[in-house]
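Q: Got a structure for you, questions after.
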Amino acid sequence: MLPQKSEKSNILKIAAGSDHAGYLMKTQLVEFLKELGHEVIDCGTDSTESVDYPIYGQKVGHQVAEGFAEMGLCVCGTGIGISIAANKVKGVRAAVVHDCSSAILAREHNNANVICFGARLIGDQTAKDSLKEFLDAEFLGGRHLRRIEEISEMERYE
Ligand code: RB5
């Protein structure tokens, strides 16, 4: 009998971007996402040649904010720079994640729609495990909804 897909493993469109420092990890994670059956919009970069991370964070952010992708994945050396850039796009909640616990909480509490990794800080397997947990976790709503709505309100008056 063919394995049945669980309700949680629905197919998503995921925008992925990195700078040179995150390129190799992004490549691994894009492959992993495709193996899981997801569709990937690759926003670059396409090699380990030095580039500036802001444009890639912004590209991923736009794909998510404009509804072309349901989730985003960003990788740079630390995950920090590219997350700061992605978070400049209104509607983006980008979270730097280091392990499965932070990945799950980023979804459950923050309804993060972009996950960011630091390729110089964590290994590929940790990133894959955390990414899977992130995609499987669900926003809990309730008091957490009020808090993220407060953030959306701030964006409205910028
Ligand atoms: C690039 O050297 C590095 O600064 C970048 O990948 C990232 O870690 C910035 O936050």
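Labeling convention for the structure tokens: chains A, B, ... as they appear, residues from 1 per chain, ligands from 1 in order of appearance.
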I'd like a table as JSON lines: residues in segment 2-51 of chain A with an atom no more than 9 Å from segment 127-130 of chain A, each row giving the shortest atom pair and its distance in Å to one decimal, only C-alpha atoms counted, sorted by chain and rising residue number.

A:
```
{"residue": "A:Met25", "atom": "CA", "partner": "A:Ala127", "partner_atom": "CA", "distance": 8.3}
{"residue": "A:Gln28", "atom": "CA", "partner": "A:Lys128", "partner_atom": "CA", "distance": 8.4}
{"residue": "A:Leu29", "atom": "CA", "partner": "A:Lys128", "partner_atom": "CA", "distance": 6.4}
{"residue": "A:Phe32", "atom": "CA", "partner": "A:Lys128", "partner_atom": "CA", "distance": 7.2}
{"residue": "A:Leu33", "atom": "CA", "partner": "A:Lys128", "partner_atom": "CA", "distance": 8.8}
```

Q: Write to file, as a short mmCIF file (atom, residue, chain, number, x, y, z; two decimals), in the first residue's frame, the residues of the selection just made, with C-alpha atoms.

A:
```cif
data_model
loop_
_atom_site.label_atom_id
_atom_site.label_comp_id
_atom_site.auth_asym_id
_atom_site.auth_seq_id
_atom_site.Cartn_x
_atom_site.Cartn_y
_atom_site.Cartn_z
CA MET A 25 22.91 25.01 2.93
CA GLN A 28 20.58 21.15 0.56
CA LEU A 29 17.36 22.54 2.00
CA PHE A 32 15.00 18.43 1.02
CA LEU A 33 11.86 20.50 0.45
#
```

Q: Step by step, measure atom-to-atom distances between ligand 1 and each residue using only C-alpha atoms and all ligand atoms, keep those at most 12 Å, then write them as a PDB file with C-alpha atoms, in the first residue's frame.

A:
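Saved to part15.pdb:
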```pdb
ATOM      1  CA  GLY A  17      17.005  32.722  -0.798  1.00  0.00           C
ATOM      2  CA  SER A  18      20.532  32.998   0.519  1.00  0.00           C
ATOM      3  CA  ASP A  19      23.772  34.888   0.184  1.00  0.00           C
ATOM      4  CA  HIS A  20      27.088  33.195  -0.659  1.00  0.00           C
ATOM      5  CA  ALA A  21      27.581  32.019   2.944  1.00  0.00           C
ATOM      6  CA  GLY A  22      24.208  30.297   2.921  1.00  0.00           C
ATOM      7  CA  TYR A  23      24.284  29.007  -0.639  1.00  0.00           C
ATOM      8  CA  LEU A  24      25.381  25.426   0.067  1.00  0.00           C
ATOM      9  CA  MET A  25      22.909  25.012   2.925  1.00  0.00           C
ATOM     10  CA  THR A  45      21.981  33.422  -5.018  1.00  0.00           C
ATOM     11  CA  THR A  48      29.374  30.772  -3.359  1.00  0.00           C
ATOM     12  CA  GLU A  49      30.620  33.975  -4.995  1.00  0.00           C
ATOM     13  CA  SER A  50      30.360  36.858  -2.554  1.00  0.00           C
ATOM     14  CA  VAL A  51      27.083  38.813  -2.716  1.00  0.00           C
ATOM     15  CA  ASP A  52      25.165  41.081  -0.333  1.00  0.00           C
ATOM     16  CA  TYR A  53      22.407  39.374   1.642  1.00  0.00           C
ATOM     17  CA  PRO A  54      19.777  42.205   1.816  1.00  0.00           C
ATOM     18  CA  TYR A  56      17.884  38.023  -1.190  1.00  0.00           C
ATOM     19  CA  GLY A  57      16.048  38.577   2.078  1.00  0.00           C
ATOM     20  CA  CYS A  74      16.447  32.343   4.133  1.00  0.00           C
ATOM     21  CA  VAL A  75      20.048  31.390   4.805  1.00  0.00           C
ATOM     22  CA  CYS A  76      23.129  33.535   5.375  1.00  0.00           C
ATOM     23  CA  GLY A  77      26.195  33.098   7.593  1.00  0.00           C
ATOM     24  CA  THR A  78      24.309  33.707  10.830  1.00  0.00           C
ATOM     25  CA  GLY A  79      20.717  34.015   9.603  1.00  0.00           C
ATOM     26  CA  ILE A  80      20.654  37.448  11.201  1.00  0.00           C
ATOM     27  CA  GLY A  81      21.384  39.820   8.327  1.00  0.00           C
ATOM     28  CA  ILE A  82      19.028  38.152   5.881  1.00  0.00           C
ATOM     29  CA  SER A  83      16.255  38.011   8.527  1.00  0.00           C
ATOM     30  CA  ILE A  84      16.603  41.733   9.204  1.00  0.00           C
ATOM     31  CA  ALA A  85      16.236  42.383   5.472  1.00  0.00           C
ATOM     32  CA  ALA A  86      13.237  40.041   5.073  1.00  0.00           C
ATOM     33  CA  VAL A  96      16.166  33.070  13.023  1.00  0.00           C
ATOM     34  CA  CYS A 116      16.108  31.800   8.649  1.00  0.00           C
ATOM     35  CA  PHE A 117      19.227  29.748   9.315  1.00  0.00           C
ATOM     36  CA  GLY A 118      22.873  30.584   9.924  1.00  0.00           C
ATOM     37  CA  ALA A 119      24.922  28.200   7.823  1.00  0.00           C
ATOM     38  CA  ARG A 120      28.079  29.096   9.754  1.00  0.00           C
ATOM     39  CA  LEU A 121      26.391  28.286  13.064  1.00  0.00           C
TER      40      LEU A 121
END
```

Q: Give me, please, the distance in Å between atom CA of Asp42 of chain A and atom CA of Ala16 of chain A, quoted to one decimal.

A: 5.0 Å

Q: Give me the residues within 12 Å of Ala106 of chain A as a list of chain:residue names, counting only C-alpha atoms and dropping any in the same chain fewer than 6 places off.

A: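 Once the nearby chain positions are removed, what remains is A:Arg93, A:Ala94, A:Ala95, A:Val96, A:Val97, A:His98, A:Asp99, A:Cys100, A:Ala112, A:Asn113, A:Val114, A:Ile115, A:Cys116, A:Ser130, A:Leu131, A:Glu133, A:Phe134, A:Leu135, A:Asp136, A:Ala137, A:Glu138, A:Phe139, A:Leu140, A:His144, A:Ile148.
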
Q: Would you mind listing what lies within 9 Å of Glu70 of chain A as a PDB file with N, CA and C atoms, in the first residue's frame, with only C-alpha atoms counted and same-chain residues fewer than 5 positions away left out?

A:
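Dumped everything to result36.pdb:
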```
ATOM      1  N   LEU A  12       3.265  22.902  -0.103  1.00  0.00           N
ATOM      2  CA  LEU A  12       3.395  24.351   0.023  1.00  0.00           C
ATOM      3  C   LEU A  12       4.292  24.892  -1.081  1.00  0.00           C
ATOM      4  N   LYS A  13       4.093  26.183  -1.374  1.00  0.00           N
ATOM      5  CA  LYS A  13       5.040  26.907  -2.232  1.00  0.00           C
ATOM      6  C   LYS A  13       5.955  27.660  -1.287  1.00  0.00           C
ATOM      7  N   ILE A  14       7.246  27.450  -1.433  1.00  0.00           N
ATOM      8  CA  ILE A  14       8.199  28.021  -0.488  1.00  0.00           C
ATOM      9  C   ILE A  14       9.270  28.794  -1.267  1.00  0.00           C
ATOM     10  N   ALA A  15       9.434  30.075  -0.930  1.00  0.00           N
ATOM     11  CA  ALA A  15      10.474  30.895  -1.568  1.00  0.00           C
ATOM     12  C   ALA A  15      11.758  30.729  -0.771  1.00  0.00           C
ATOM     13  N   GLN A  63       8.028  37.628  -2.121  1.00  0.00           N
ATOM     14  CA  GLN A  63       7.298  36.438  -2.594  1.00  0.00           C
ATOM     15  C   GLN A  63       6.229  36.026  -1.589  1.00  0.00           C
ATOM     16  N   VAL A  64       6.593  36.121  -0.297  1.00  0.00           N
ATOM     17  CA  VAL A  64       5.653  35.721   0.760  1.00  0.00           C
ATOM     18  C   VAL A  64       4.576  36.787   0.946  1.00  0.00           C
ATOM     19  N   ALA A  65       5.009  38.043   1.062  1.00  0.00           N
ATOM     20  CA  ALA A  65       4.049  39.126   1.347  1.00  0.00           C
ATOM     21  C   ALA A  65       3.044  39.294   0.214  1.00  0.00           C
ATOM     22  N   ASN A 113       6.433  33.410   9.070  1.00  0.00           N
ATOM     23  CA  ASN A 113       6.207  32.931   7.706  1.00  0.00           C
ATOM     24  C   ASN A 113       7.506  32.840   6.907  1.00  0.00           C
TER      25      ASN A 113
END
```

Q: So what do you get for atom CA of Ile41 of chain A versus atom CA of Lys88 of chain A, distance-wise?

A: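 Those two atoms sit 19.9 Å apart.
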
Q: Quick one: pick out all helix (DSSP H, G or I) residues within segment 62-91 of chain A from a backbone DSSP run and write them as a ChimeraX atom specification.

A: /A:62-65,80-86

Q: Those same residues - all heavy atoms - I'd like them written as an mmCIF file, in the first residue's frame.

A:
```cif
data_model
loop_
_atom_site.group_PDB
_atom_site.id
_atom_site.type_symbol
_atom_site.label_atom_id
_atom_site.label_comp_id
_atom_site.auth_asym_id
_atom_site.auth_seq_id
_atom_site.Cartn_x
_atom_site.Cartn_y
_atom_site.Cartn_z
ATOM 1 N N HIS A 62 9.211 39.499 -0.393
ATOM 2 C CA HIS A 62 8.191 39.915 -1.364
ATOM 3 C C HIS A 62 7.367 38.723 -1.868
ATOM 4 O O HIS A 62 6.155 38.831 -2.035
ATOM 5 C CB HIS A 62 8.832 40.649 -2.547
ATOM 6 C CG HIS A 62 9.117 42.094 -2.242
ATOM 7 N ND1 HIS A 62 8.152 42.956 -1.792
ATOM 8 C CD2 HIS A 62 10.265 42.810 -2.315
ATOM 9 C CE1 HIS A 62 8.686 44.151 -1.588
ATOM 10 N NE2 HIS A 62 9.969 44.094 -1.887
ATOM 11 N N GLN A 63 8.028 37.628 -2.121
ATOM 12 C CA GLN A 63 7.298 36.438 -2.594
ATOM 13 C C GLN A 63 6.229 36.026 -1.589
ATOM 14 O O GLN A 63 5.120 35.646 -1.951
ATOM 15 C CB GLN A 63 8.274 35.257 -2.814
ATOM 16 C CG GLN A 63 9.236 35.443 -3.973
ATOM 17 C CD GLN A 63 8.545 35.396 -5.322
ATOM 18 O OE1 GLN A 63 7.630 34.610 -5.541
ATOM 19 N NE2 GLN A 63 8.952 36.241 -6.235
ATOM 20 N N VAL A 64 6.593 36.121 -0.297
ATOM 21 C CA VAL A 64 5.653 35.721 0.760
ATOM 22 C C VAL A 64 4.576 36.787 0.946
ATOM 23 O O VAL A 64 3.378 36.490 0.952
ATOM 24 C CB VAL A 64 6.415 35.458 2.083
ATOM 25 C CG1 VAL A 64 5.447 35.197 3.233
ATOM 26 C CG2 VAL A 64 7.370 34.275 1.912
ATOM 27 N N ALA A 65 5.009 38.043 1.062
ATOM 28 C CA ALA A 65 4.049 39.126 1.347
ATOM 29 C C ALA A 65 3.044 39.294 0.214
ATOM 30 O O ALA A 65 1.889 39.659 0.452
ATOM 31 C CB ALA A 65 4.800 40.428 1.596
ATOM 32 N N ILE A 80 21.090 36.169 10.618
ATOM 33 C CA ILE A 80 20.654 37.448 11.201
ATOM 34 C C ILE A 80 20.454 38.519 10.128
ATOM 35 O O ILE A 80 19.386 39.142 10.049
ATOM 36 C CB ILE A 80 21.656 37.923 12.275
ATOM 37 C CG1 ILE A 80 21.707 36.912 13.434
ATOM 38 C CG2 ILE A 80 21.266 39.311 12.806
ATOM 39 C CD1 ILE A 80 22.828 37.161 14.438
ATOM 40 N N GLY A 81 21.469 38.743 9.324
ATOM 41 C CA GLY A 81 21.384 39.820 8.327
ATOM 42 C C GLY A 81 20.219 39.623 7.373
ATOM 43 O O GLY A 81 19.426 40.549 7.128
ATOM 44 N N ILE A 82 20.080 38.407 6.879
ATOM 45 C CA ILE A 82 19.028 38.152 5.881
ATOM 46 C C ILE A 82 17.644 38.218 6.535
ATOM 47 O O ILE A 82 16.661 38.613 5.897
ATOM 48 C CB ILE A 82 19.293 36.806 5.151
ATOM 49 C CG1 ILE A 82 18.588 36.782 3.802
ATOM 50 C CG2 ILE A 82 18.968 35.593 5.996
ATOM 51 C CD1 ILE A 82 19.125 35.760 2.810
ATOM 52 N N SER A 83 17.556 37.897 7.836
ATOM 53 C CA SER A 83 16.255 38.011 8.527
ATOM 54 C C SER A 83 15.892 39.476 8.733
ATOM 55 O O SER A 83 14.720 39.858 8.606
ATOM 56 C CB SER A 83 16.266 37.277 9.868
ATOM 57 O OG SER A 83 17.051 37.950 10.819
ATOM 58 N N ILE A 84 16.870 40.294 9.039
ATOM 59 C CA ILE A 84 16.603 41.733 9.204
ATOM 60 C C ILE A 84 16.062 42.295 7.893
ATOM 61 O O ILE A 84 15.081 43.044 7.870
ATOM 62 C CB ILE A 84 17.880 42.485 9.653
ATOM 63 C CG1 ILE A 84 18.282 42.048 11.072
ATOM 64 C CG2 ILE A 84 17.668 44.002 9.595
ATOM 65 C CD1 ILE A 84 19.635 42.584 11.540
ATOM 66 N N ALA A 85 16.685 41.897 6.785
ATOM 67 C CA ALA A 85 16.236 42.383 5.472
ATOM 68 C C ALA A 85 14.829 41.880 5.162
ATOM 69 O O ALA A 85 13.955 42.657 4.745
ATOM 70 C CB ALA A 85 17.213 41.932 4.390
ATOM 71 N N ALA A 86 14.567 40.605 5.371
ATOM 72 C CA ALA A 86 13.237 40.041 5.073
ATOM 73 C C ALA A 86 12.172 40.732 5.916
ATOM 74 O O ALA A 86 11.061 41.007 5.442
ATOM 75 C CB ALA A 86 13.229 38.532 5.331
#
```

Q: Rounded to one decimal, what separation in Å do you get between atom CA of Val92 of chain A and atom CA of Met71 of chain A?

A: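 Value for the atom CA of Val92 of chain A-atom CA of Met71 of chain A distance: 9.5 Å.
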
Q: Using only C-alpha atoms, can you tell me which of A:Val40, A:Asn87, A:Val30, A:Ile104 comes closest to Ile55 of chain A?

A: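 Answer, going by the shortest atom-to-atom distance: A:Asn87.
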
Q: Restricting the calculation to only C-alpha atoms, which member of A:Leu105, A:Leu145, A:Cys43, A:Leu36 is positioned closest to Gly72 of chain A?

A: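 Using only C-alpha atoms, Gly72 of chain A sits closest to A:Cys43.
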
Q: List every residue of segment 88-152 of chain A that DSSP, applied to the backbone of this structure, assigns to strand (DSSP E or B), and report them as a PyMOL selection string.

A: chain A and resi 94-96+114-118

Q: Atoms to include: N, CA and C atoms. Write the selected residues as a short mmCIF file (atom, residue, chain, number, x, y, z; two decimals), in the first residue's frame.

A:
```
data_model
loop_
_atom_site.label_atom_id
_atom_site.label_comp_id
_atom_site.auth_asym_id
_atom_site.auth_seq_id
_atom_site.Cartn_x
_atom_site.Cartn_y
_atom_site.Cartn_z
N ALA A 94 9.90 37.06 9.94
CA ALA A 94 11.04 36.18 9.72
C ALA A 94 11.71 35.87 11.06
N ALA A 95 11.98 34.61 11.31
CA ALA A 95 12.56 34.18 12.57
C ALA A 95 13.86 33.42 12.34
N VAL A 96 14.90 33.83 13.06
CA VAL A 96 16.17 33.07 13.02
C VAL A 96 16.00 31.90 13.98
N VAL A 114 8.61 33.18 7.54
CA VAL A 114 9.94 32.99 6.93
C VAL A 114 10.86 32.41 8.00
N ILE A 115 11.50 31.32 7.67
CA ILE A 115 12.46 30.71 8.60
C ILE A 115 13.87 31.01 8.10
N CYS A 116 14.75 31.39 9.02
CA CYS A 116 16.11 31.80 8.65
C CYS A 116 17.13 30.96 9.41
N PHE A 117 18.17 30.55 8.70
CA PHE A 117 19.23 29.75 9.32
C PHE A 117 20.59 30.40 9.11
N GLY A 118 21.48 30.16 10.04
CA GLY A 118 22.87 30.58 9.92
C GLY A 118 23.73 29.39 9.55
#
```
